[in-house]
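S.K.: Input work31.txt, format and content: compact mmCIF, C-alpha atoms.
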# COMPACT_ATOMS: atom_id res chain seq x y z
CA MET A 423 -8.63 -10.38 -20.37
CA ALA A 424 -10.80 -8.95 -17.61
CA VAL A 425 -14.55 -9.16 -17.95
CA GLN A 426 -16.00 -5.80 -18.92
CA ILE A 427 -19.23 -5.28 -17.00
CA PRO A 428 -21.77 -3.37 -19.12
CA THR A 429 -24.21 -0.94 -17.56
CA LEU A 430 -27.90 -1.77 -17.23
CA LYS A 431 -28.67 0.71 -19.99
CA GLU A 432 -26.15 -0.91 -22.34
CA LEU A 433 -27.66 -4.33 -21.68
CA TYR A 434 -31.19 -2.97 -22.09
CA ASP A 435 -30.35 -1.23 -25.39
CA ASP A 436 -28.63 -4.37 -26.69
CA ILE A 437 -31.68 -6.53 -25.88
CA ILE A 438 -34.05 -4.06 -27.54
CA SER A 439 -31.82 -3.96 -30.63
CA SER A 440 -31.72 -7.77 -30.80
CA LEU A 441 -35.51 -8.04 -30.49
CA GLU A 442 -36.10 -5.45 -33.18
CA THR A 443 -33.66 -7.23 -35.50
CA GLU A 444 -35.08 -10.71 -34.88
CA LEU A 445 -38.72 -9.62 -35.14
CA SER A 446 -38.20 -7.02 -37.89
CA ILE A 447 -40.15 -4.44 -35.90
CA THR A 448 -39.63 -1.12 -34.21
CA ILE A 449 -40.60 -1.26 -30.55
CA PRO A 450 -42.44 1.92 -29.48
CA ILE A 451 -40.65 4.06 -26.95
CA PHE A 452 -43.73 5.51 -25.26
CA GLY A 453 -46.66 3.78 -23.63
CA LYS A 454 -46.97 0.36 -22.08
CA ASN A 455 -45.07 -2.24 -24.01
CA PHE A 456 -44.45 -5.86 -23.04
CA LEU A 457 -41.19 -6.17 -24.97
CA ARG A 458 -39.62 -3.17 -23.25
CA ALA A 459 -40.69 -4.51 -19.84
CA LEU A 460 -39.19 -7.88 -20.77
CA ALA A 461 -35.95 -6.19 -21.87
CA THR A 462 -35.73 -4.39 -18.50
CA VAL A 463 -36.09 -7.66 -16.58
CA GLN A 464 -33.60 -9.52 -18.77
CA ALA A 465 -31.06 -6.68 -18.54
CA ALA A 466 -31.17 -6.89 -14.74
CA LYS A 467 -30.67 -10.67 -14.84
CA LEU A 468 -27.76 -10.39 -17.28
CA LYS A 469 -26.18 -7.73 -15.04
CA LEU A 470 -26.15 -10.24 -12.17
CA TYR A 471 -24.53 -12.85 -14.40
CA TYR A 472 -21.80 -10.44 -15.45
CA LEU A 473 -21.15 -9.47 -11.82
CA ALA A 474 -20.92 -13.14 -10.82
CA ILE A 475 -18.51 -13.94 -13.68
CA ALA A 476 -16.33 -10.91 -12.82
CA ASN A 477 -16.24 -11.97 -9.17
CA VAL A 478 -15.13 -15.48 -10.13
CA GLN A 479 -12.42 -14.09 -12.39
CA LYS A 480 -11.25 -11.73 -9.66
CA ASN A 481 -10.92 -14.56 -7.16
CA ILE A 482 -8.87 -16.95 -9.29
CA PHE A 483 -5.79 -14.74 -8.91
CA VAL A 484 -4.01 -14.12 -5.60
CA ASP A 485 -3.25 -10.47 -6.43
CA THR A 486 -6.94 -9.55 -6.85
CA ALA A 487 -8.77 -12.08 -4.66
CA ASP A 488 -11.07 -10.83 -1.91
CA SER A 489 -10.83 -12.00 1.67
CA GLU A 490 -12.92 -14.99 2.68
CA LEU A 491 -14.69 -12.63 5.08
CA ILE A 492 -16.52 -11.15 2.08
CA GLY A 493 -16.78 -14.35 0.06
CA GLY A 494 -13.38 -14.35 -1.63
CA THR A 495 -10.52 -16.84 -1.88
CA LEU A 496 -7.43 -14.92 -0.70
CA GLU A 497 -6.91 -16.98 2.46
CA ARG A 498 -7.18 -20.17 0.41
CA PHE A 499 -4.22 -19.05 -1.68
CA GLY A 500 -2.37 -18.24 1.53
CA ARG A 501 -3.08 -21.62 3.07
CA VAL A 502 -1.79 -23.35 -0.06
CA LYS A 503 1.42 -21.29 -0.40
CA LEU A 504 2.13 -19.97 3.09
CA GLY A 505 0.57 -22.85 4.98
CA ARG A 506 -1.42 -20.59 7.28
CA ASN A 507 -4.24 -18.10 7.67
CA PRO A 508 -3.49 -14.45 8.48
CA PHE A 509 -1.97 -14.04 11.92
CA THR A 510 -4.52 -13.08 14.56
CA ALA A 511 -3.91 -10.47 17.27
CA GLN A 512 -1.88 -11.79 20.20
CA PRO A 513 -2.20 -10.65 23.86
CA GLY A 514 0.73 -9.29 25.81
CA SER A 515 1.99 -10.36 29.23
CA TYR A 516 3.56 -8.14 31.88
CA GLN A 517 5.61 -8.65 35.01
CA VAL A 518 4.14 -6.33 37.66
CA SER A 519 5.23 -5.56 41.19
CA VAL A 520 2.85 -6.23 44.09
CA THR A 521 3.10 -5.56 47.82
CA GLY A 522 1.42 -7.00 50.90
CA THR A 523 1.85 -9.31 53.86
CA VAL A 524 4.24 -12.23 53.58
CA GLY A 525 2.26 -15.44 53.08
CA ALA A 526 -0.74 -13.71 51.49
CA VAL A 527 -2.02 -15.47 48.38
CA ILE A 528 -3.12 -13.95 45.10
CA SER A 529 -5.32 -16.59 43.54
CA ALA A 530 -5.23 -17.63 39.90
CA ASN A 531 -7.82 -15.83 37.73
CA THR A 532 -7.51 -12.66 39.80
CA THR A 533 -7.98 -9.70 37.46
CA PHE A 534 -6.46 -6.23 37.41
CA LYS A 535 -7.58 -3.17 35.45
CA SER A 536 -5.18 -0.59 34.00
CA ASN A 537 -5.51 2.85 35.57
CA ASP A 538 -6.55 6.00 33.72
CA SER A 539 -2.92 7.16 33.54
CA ALA A 540 -1.80 3.99 31.72
CA LEU A 541 -1.05 3.83 27.99
CA ASN A 542 -4.34 1.99 27.47
CA PRO A 543 -6.69 2.59 30.42
CA SER A 544 -9.54 0.32 31.60
CA GLN A 545 -8.07 -2.85 30.08
CA LEU A 546 -8.27 -6.15 32.00
CA TYR A 547 -5.35 -8.46 32.83
CA VAL A 548 -5.48 -11.85 34.53
CA LEU A 549 -3.13 -13.88 36.76
CA ASP A 550 -2.87 -17.46 35.46
CA LEU A 551 -1.20 -19.11 38.50
CA ASP A 552 -1.55 -18.75 42.26
CA TYR A 553 1.15 -16.58 43.84
CA THR A 554 2.20 -16.45 47.51
CA LEU A 555 3.94 -13.29 48.71
CA VAL A 556 7.47 -13.71 50.10
CA ALA A 557 9.83 -11.47 52.02
CA GLY A 558 11.34 -8.86 49.75
CA PRO A 559 10.18 -7.70 46.30
CA ASN A 560 7.24 -9.58 44.80
CA SER A 561 6.12 -9.69 41.20
CA ILE A 562 3.50 -11.60 39.22
CA ILE A 563 2.85 -12.16 35.51
CA LEU A 564 -0.41 -10.72 34.20
CA ARG A 565 -1.80 -11.67 30.78
CA SER A 566 -3.97 -9.27 28.82
CA LEU A 567 -7.53 -10.40 28.18
CA GLU A 568 -7.68 -8.21 25.06
CA PRO A 569 -5.39 -9.36 22.23
CA GLY A 570 -3.59 -6.81 20.12
CA LEU A 571 -2.10 -3.39 20.74
CA ASP A 572 -5.19 -1.86 22.36
CA SER A 573 -4.09 -3.41 25.67
CA LYS A 574 -0.36 -2.62 25.45
CA LEU A 575 1.19 -1.13 28.61
CA ASN A 576 4.36 0.88 29.21
CA ILE A 577 6.90 0.29 31.93
CA GLY A 578 5.70 2.15 35.04
CA ASP A 579 1.99 1.99 34.19
CA GLU A 580 -0.21 1.11 37.14
CA LEU A 581 -3.07 -1.35 37.51
CA THR A 582 -5.64 -1.88 40.24
CA ALA A 583 -7.15 -5.18 41.37
CA THR A 584 -10.81 -5.42 40.37
CA ALA A 585 -11.70 -6.93 43.77
CA PRO A 586 -10.05 -6.68 47.22
CA ILE A 587 -7.33 -9.29 47.92
CA ALA A 588 -6.77 -10.24 51.56
CA ASN A 589 -3.50 -8.75 52.93
CA VAL A 590 -2.42 -7.58 49.46
CA ASP A 591 -2.31 -3.98 48.26
CA SER A 592 -4.61 -3.42 45.29
CA LEU A 593 -2.08 -1.38 43.27
CA ALA A 594 0.41 -3.05 40.88
CA THR A 595 3.10 -1.46 38.70
CA VAL A 596 4.43 -2.73 35.38
CA LEU A 597 8.10 -3.75 35.57
CA VAL A 598 8.72 -5.66 32.33
CA GLU A 599 6.83 -6.54 29.17
CA THR A 600 7.43 -10.32 29.12
CA ILE A 601 5.48 -11.04 25.93
CA ALA A 602 4.90 -8.24 23.43
CA PRO A 603 1.33 -7.89 22.15
CA LEU A 604 0.95 -8.21 18.39
CA ALA A 605 -1.55 -6.61 16.03
CA PRO A 606 -3.57 -8.82 13.65
CA GLU A 607 -1.92 -9.25 10.26
CA ASP A 608 -3.16 -6.73 7.74
CA ILE A 609 -4.92 -8.51 4.87
CA GLU A 610 -2.86 -6.63 2.27
CA ASP A 611 0.39 -7.61 4.01
CA TYR A 612 -0.86 -11.20 3.93
CA ARG A 613 -1.60 -10.86 0.21
CA ASP A 614 1.90 -9.46 -0.47
CA LYS A 615 3.51 -12.37 1.38
CA ALA A 616 1.44 -14.90 -0.58
CA ILE A 617 2.38 -13.24 -3.90
CA GLU A 618 6.05 -13.22 -2.93
CA ALA A 619 5.86 -16.89 -1.93
CA TYR A 620 4.61 -17.70 -5.45
CA GLN A 621 7.33 -15.60 -7.06
CA LEU A 622 10.29 -16.78 -4.98
CA GLU A 623 11.46 -20.35 -5.44
CA PRO A 624 12.83 -22.20 -2.38
CA GLN A 625 16.48 -23.07 -3.01
CA GLY A 626 17.79 -24.68 0.15
CA GLY A 627 19.40 -21.63 1.72
CA ALA A 628 19.42 -18.89 -0.92
CA GLY A 629 18.43 -15.32 -0.13
CA SER A 630 14.85 -16.02 -1.14
CA ASP A 631 14.61 -18.76 1.52
CA TYR A 632 15.64 -16.40 4.32
CA ARG A 633 13.09 -13.85 3.17
CA LEU A 634 10.30 -16.44 3.04
CA TRP A 635 11.29 -18.09 6.31
CA SER A 636 11.44 -14.81 8.22
CA LYS A 637 7.81 -14.08 7.38
CA ASP A 638 6.71 -17.04 9.46
CA ALA A 639 7.31 -14.72 12.44
CA GLN A 640 4.27 -12.60 13.19
CA GLY A 641 4.97 -8.88 12.85
CA VAL A 642 7.57 -9.10 10.05
CA LYS A 643 6.91 -6.93 7.02
CA GLN A 644 10.13 -7.64 5.09
CA SER A 645 13.67 -8.90 5.55
CA TYR A 646 16.93 -8.17 3.74
CA PRO A 647 19.58 -10.94 3.74
CA TYR A 648 23.19 -10.12 2.84
CA ALA A 649 26.50 -11.96 2.99
CA LYS A 650 28.45 -10.53 5.93
CA THR A 651 31.33 -8.40 4.68
CA GLY A 652 34.73 -9.81 5.57
CA PHE A 653 33.40 -13.12 6.83
CA SER A 654 32.91 -16.37 4.96
CA ASN A 655 29.78 -18.45 5.53
CA GLU A 656 28.13 -15.74 7.63
CA LEU A 657 25.04 -13.64 6.96
CA VAL A 658 23.38 -10.46 8.14
CA LEU A 659 19.58 -10.47 8.09
CA TYR A 660 17.99 -7.03 8.49
CA VAL A 661 14.39 -7.25 9.71
CA GLU A 662 11.66 -4.69 9.03
CA ALA A 663 8.55 -4.83 11.22
CA THR A 664 5.04 -3.89 10.22
CA ILE A 665 4.15 -0.37 11.26
CA ALA A 666 1.70 -1.63 13.90
CA ASP A 667 4.25 -4.00 15.47
CA SER A 668 7.30 -1.71 15.24
CA ILE A 669 8.65 0.02 18.32
CA ASP A 670 8.71 3.45 16.67
CA GLY A 671 5.84 3.37 14.17
CA LYS A 672 8.41 3.41 11.35
CA GLY A 673 9.38 -0.26 10.94
CA THR A 674 12.01 -0.87 13.62
CA PRO A 675 11.47 -4.35 15.14
CA SER A 676 11.59 -5.12 18.85
CA ASP A 677 14.18 -7.46 20.34
CA ALA A 678 11.37 -9.98 20.83
CA LEU A 679 10.57 -9.89 17.10
CA LEU A 680 14.22 -10.40 16.18
CA SER A 681 14.28 -13.43 18.48
CA ALA A 682 11.11 -14.74 16.84
CA VAL A 683 12.73 -14.38 13.40
CA GLU A 684 15.79 -16.27 14.59
CA ALA A 685 13.54 -19.06 15.87
CA VAL A 686 11.72 -19.53 12.54
CA ILE A 687 14.95 -19.30 10.54
CA GLU A 688 16.39 -22.16 12.58
CA PHE A 689 13.24 -24.29 12.83
CA ASP A 690 10.08 -24.49 10.72
CA PRO A 691 7.11 -23.58 12.95
CA ASP A 692 4.81 -25.95 11.01
CA VAL A 693 4.08 -28.59 13.67
CA SER A 694 2.34 -30.83 11.10
CA LYS A 695 5.74 -31.79 9.66
CA PRO A 696 8.01 -34.49 11.14
CA LEU A 697 10.74 -33.10 13.38
CA ASP A 698 13.51 -34.19 11.01
CA GLU A 699 11.97 -32.08 8.23
CA ARG A 700 11.71 -28.84 10.19
CA GLY A 701 15.35 -27.77 10.33
CA ARG A 702 16.05 -24.83 8.04
CA ARG A 703 19.46 -23.17 8.34
CA PRO A 704 21.89 -24.77 5.86
CA LEU A 705 24.81 -26.66 7.37
CA GLY A 706 27.43 -24.41 5.77
CA ILE A 707 26.17 -21.19 7.39
CA LEU A 708 28.21 -20.68 10.55
CA ASN A 709 26.51 -17.57 11.89
CA ILE A 710 23.59 -15.22 11.19
CA ASP A 711 23.39 -11.72 12.66
CA TYR A 712 19.80 -10.58 13.14
CA GLU A 713 19.70 -6.79 12.94
CA PRO A 714 16.94 -4.18 12.93
CA VAL A 715 16.59 -2.00 9.86
CA THR A 716 18.05 1.49 10.11
CA ILE A 717 15.48 4.26 9.75
CA LYS A 718 16.71 7.18 7.65
CA GLU A 719 14.73 10.38 8.16
CA VAL A 720 13.96 12.19 4.91
CA ASP A 721 13.14 15.91 4.83
CA ILE A 722 12.08 17.60 1.60
CA PHE A 723 12.25 21.34 0.96
CA ILE A 724 10.24 22.90 -1.87
CA THR A 725 11.20 26.44 -2.84
CA GLY A 726 8.93 29.04 -4.46
CA PHE A 727 5.74 26.99 -4.76
CA GLN A 728 2.99 29.16 -6.29
CA GLY A 729 -0.66 28.99 -5.22
CA LEU A 730 -0.04 26.82 -2.15
CA THR A 731 -3.14 25.80 -0.19
CA PRO A 732 -3.62 23.36 2.74
CA GLN A 733 -5.33 20.91 0.37
CA ILE A 734 -2.36 21.01 -2.04
CA GLN A 735 0.06 20.52 0.87
CA THR A 736 -1.85 17.43 2.02
CA SER A 737 -2.01 16.03 -1.50
CA ILE A 738 1.72 16.48 -2.09
CA PHE A 739 2.70 15.08 1.32
CA ASN A 740 0.55 11.97 0.81
CA ALA A 741 2.02 11.39 -2.67
CA LEU A 742 5.59 11.82 -1.45
CA GLU A 743 4.98 9.58 1.55
CA GLU A 744 3.60 6.81 -0.67
CA SER A 745 6.48 7.16 -3.11
CA ILE A 746 9.15 7.11 -0.39
CA ASN A 747 7.50 4.21 1.42
CA ASN A 748 8.02 2.13 -1.74
CA ILE A 749 11.79 2.73 -1.70
CA ARG A 750 13.62 -0.23 -0.18
CA PRO A 751 17.17 -1.69 -0.23
CA PHE A 752 17.91 -3.95 -3.18
CA VAL A 753 18.95 -7.54 -2.41
CA SER A 754 20.60 -9.00 -5.50
CA SER A 755 20.04 -12.60 -4.40
CA VAL A 756 16.28 -12.09 -4.05
CA ASP A 757 14.90 -9.03 -5.81
CA ILE A 758 14.11 -8.60 -9.49
CA LEU A 759 16.49 -6.15 -11.14
CA ALA A 760 13.69 -4.58 -13.19
CA ASP A 761 11.87 -3.71 -9.94
CA LYS A 762 14.91 -2.13 -8.27
CA ASN A 763 13.79 0.95 -6.33
CA ASP A 764 16.44 1.95 -3.78
CA LEU A 765 17.12 5.56 -4.79
CA ILE A 766 15.59 8.87 -3.81
CA THR A 767 16.46 11.70 -6.22
CA THR A 768 15.43 15.30 -6.69
CA PHE A 769 14.16 14.37 -10.16
CA GLY A 770 11.94 11.66 -8.65
CA VAL A 771 10.59 14.05 -6.02
CA VAL A 772 9.79 16.67 -8.66
CA TYR A 773 8.00 14.04 -10.75
CA THR A 774 5.93 12.90 -7.76
CA ILE A 775 4.92 16.50 -6.97
CA GLN A 776 3.91 17.13 -10.57
CA GLN A 777 1.86 13.92 -10.66
CA ALA A 778 0.11 14.80 -7.40
CA GLU A 779 -0.70 18.36 -8.48
CA LEU A 780 -0.67 18.78 -12.25
CA GLY A 781 0.65 22.14 -13.36
CA SER A 782 2.49 22.85 -10.10
CA ILE A 783 4.94 25.73 -10.36
CA PHE A 784 7.98 25.94 -8.04
CA SER A 785 11.61 26.88 -8.42
CA ALA A 786 13.59 24.14 -6.68
CA VAL A 787 13.56 21.00 -4.56
CA SER A 788 16.18 19.79 -2.11
CA ILE A 789 16.45 16.56 -0.12
CA GLU A 790 17.97 15.92 3.29
CA VAL A 791 18.63 12.42 4.60
CA ASP A 792 19.44 12.40 8.32
CA SER A 793 19.98 16.19 8.06
CA LEU A 794 22.56 15.93 5.24
CA VAL A 795 21.79 17.35 1.78
CA PHE A 796 21.85 14.93 -1.16
CA ALA A 797 20.89 15.24 -4.82
CA SER A 798 20.30 11.49 -4.67
CA TYR A 799 20.65 8.86 -1.96
CA GLN A 800 20.82 5.09 -2.27
CA PHE A 801 19.38 3.04 0.59
CA THR A 802 21.50 -0.05 1.23
CA ASP A 803 22.17 -2.67 3.91
CA GLY A 804 18.84 -2.47 5.69
CA GLU A 805 18.36 1.31 5.45
CA ILE A 806 14.69 2.29 5.33
CA PRO A 807 13.50 5.81 4.39
CA HIS A 808 10.87 7.60 6.43
CA LEU A 809 9.37 10.90 5.30
CA ASN A 810 9.82 13.21 8.27
CA SER A 811 8.68 16.53 6.80
CA VAL A 812 7.86 18.53 3.68
CA THR A 813 8.76 22.21 4.08
CA TYR A 814 7.85 25.07 1.72
CA VAL A 815 10.39 27.90 1.60
Show how you would write the structure in this file as structure tokens.
M.R.:
Amino acid sequence: MAVQIPTLKELYDDIISSLETELSITIPIFGKNFLRALATVQAAKLKLYYLAIANVQKNIFVDTADSELIGGTLERFGRVKLGRNPFTAQPGSYQVSVTGTVGAVISANTTFKSNDSALNPSQLYVLDLDYTLVAGPNSIILRSLEPGLDSKLNIGDELTATAPIANVDSLATVLVETIAPLAPEDIEDYRDKAIEAYQLEPQGGAGSDYRLWSKDAQGVKQSYPYAKTGFSNELVLYVEATIADSIDGKGTPSDALLSAVEAVIEFDPDVSKPLDERGRRPLGILNIDYEPVTIKEVDIFITGFQGLTPQIQTSIFNALEESINNIRPFVSSVDILADKNDLITTFGVVYTIQQAELGSIFSAVSIEVDSLVFASYQFTDGEIPHLNSVTYV
């Protein structure tokens, strides 16, 4: 049972009542009175004790623990069960084209700054190794000095050397993103992974193992393992990226993330273990297909809504977005049947609208998934819903 924290007034009144009972007196309300001053001081002290006890209780459970950054224990749970702290932001690297005189040298530690027209302007990038220009096209690898997505560049973005380089043009153009930058792991995503690690038991190659293993790759939000239809001893693993690390802001992983998942499925990244204990994929599994989730665009049409205002529109959209974001494919080998939530229905949409705006009056609701009308739609085999629009007609 959670500790109920009384208010200062409740504590004060309780102390006064106890004093009056013990001393068989009535303490005057008005005027200076030592006992009332004492009760005020003791109430404040007891309030601190209650707050401390509640904080301890909160931080003995992984689902309620605060981050260590504010004095909590969440990362301690993660280190015990996941074997790691939250992933930190990672810098990206880019192959960029350069031009100049053959034989000219670009020295290691030379820096370039992204131009104003770039995706993220005024960011710095550094060359880690000396490079000597040759006849024909020349390119170098630049590493971002700012980890995370704030320094991400697009193909075709231009950078300028921060200092003149002898016989080398100062302008460089991005050709390829060689290492994708990664956002720091959201603390709530970290919490969810720790909770799931406690709930799912390792079983030497069951669906729960693939889900747990895949989350050793930074940028993975969830994975959905299925037996491959028509093939024995083969699997399909659908991978959902975090919103920050997805290529479309909806959960679609990059090719680099799929490769990272494949790497951690095959081999435990925990370097503290002996090599012969780090292999993961069971011997009987002949092949695993690593596939991105399929984003299904959901459009909702609400007919005849009465008393519509911009505030109501925002409230309903936010409620529907939260509800739809919780819908995910069901994996029978991993998920709990009681928690199954893979359907969107008109009844569910109506309920969500009514909960968001009590007393809402409207005549009908219709749902489109990828522009096709459905009364209900079940998301399966790595299909992920994304609320595209809410239209009032």
S.K.: A:Leu759, A:Ala685, A:Val548, A:Ala465: which is nearest Arg702 of chain A, counting only C-alpha atoms?
M.R.: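 Looking at the shortest contact to Arg702 of chain A, the residue is A:Ala685.
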S.K.: Env of Phe483 of chain A: 9 Å cut, atoms = all atoms listed in the file, seq-sep filter 4 positions within chain, self excluded. Answer as a PyMOL selection string.
M.R.: chain A and resi 479+487+495-496+499
S.K.: Do you know which residues lie at most 10 Å from (24.1, -11.0, 5.6), with coordinates as in the file and only C-alpha atoms counted, and could you write them as a PyMOL selection string?
M.R.: chain A and resi 629+646-651+653+655-660+709-713+803
S.K.: Take atom CA of Leu730 of chain A and atom CA of Tyr799 of chain A and report the distance between them in Å, one decimal.
M.R.: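 Separation of atom CA of Leu730 of chain A and atom CA of Tyr799 of chain A: 27.4 Å.
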S.K.: Could you pull the residues within 8 Å of Leu541 of chain A, counting all atoms listed in the file, minus those fewer than 3 positions along the same chain, as a PyMOL selection string?
M.R.: chain A and resi 574-576+579
S.K.: Select, counting all atoms listed in the file, all protein, DNA and RNA residues no farther than 12 Å from (13.3, 1.5, -1.9) in file coordinates, and express the selection as a PyMOL selection string.
M.R.: chain A and resi 644+646+718+744-753+757+761-767+799-808
S.K.: With distances taken over only C-alpha atoms, which residue among A:Ala760, A:Val772, A:Leu634, A:Val720 lies nearest Ser793 of chain A?
M.R.: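 For Ser793 of chain A, the nearest of the candidates is A:Val720.
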S.K.: Need to verify the contact set: segment 697-700 of chain A, 12 Å, only C-alpha atoms, exclusion of same-chain residues closer than 3 positions in sequence. Can you return it as a PyMOL selection string?
M.R.: chain A and resi 635+685-694+703-704
S.K.: Point out the residue among A:Val590, A:Ala628, A:Val518, A:Leu430 with the least atom-to-atom distance to Ala461 of chain A, counting only C-alpha atoms.
M.R.: A:Leu430
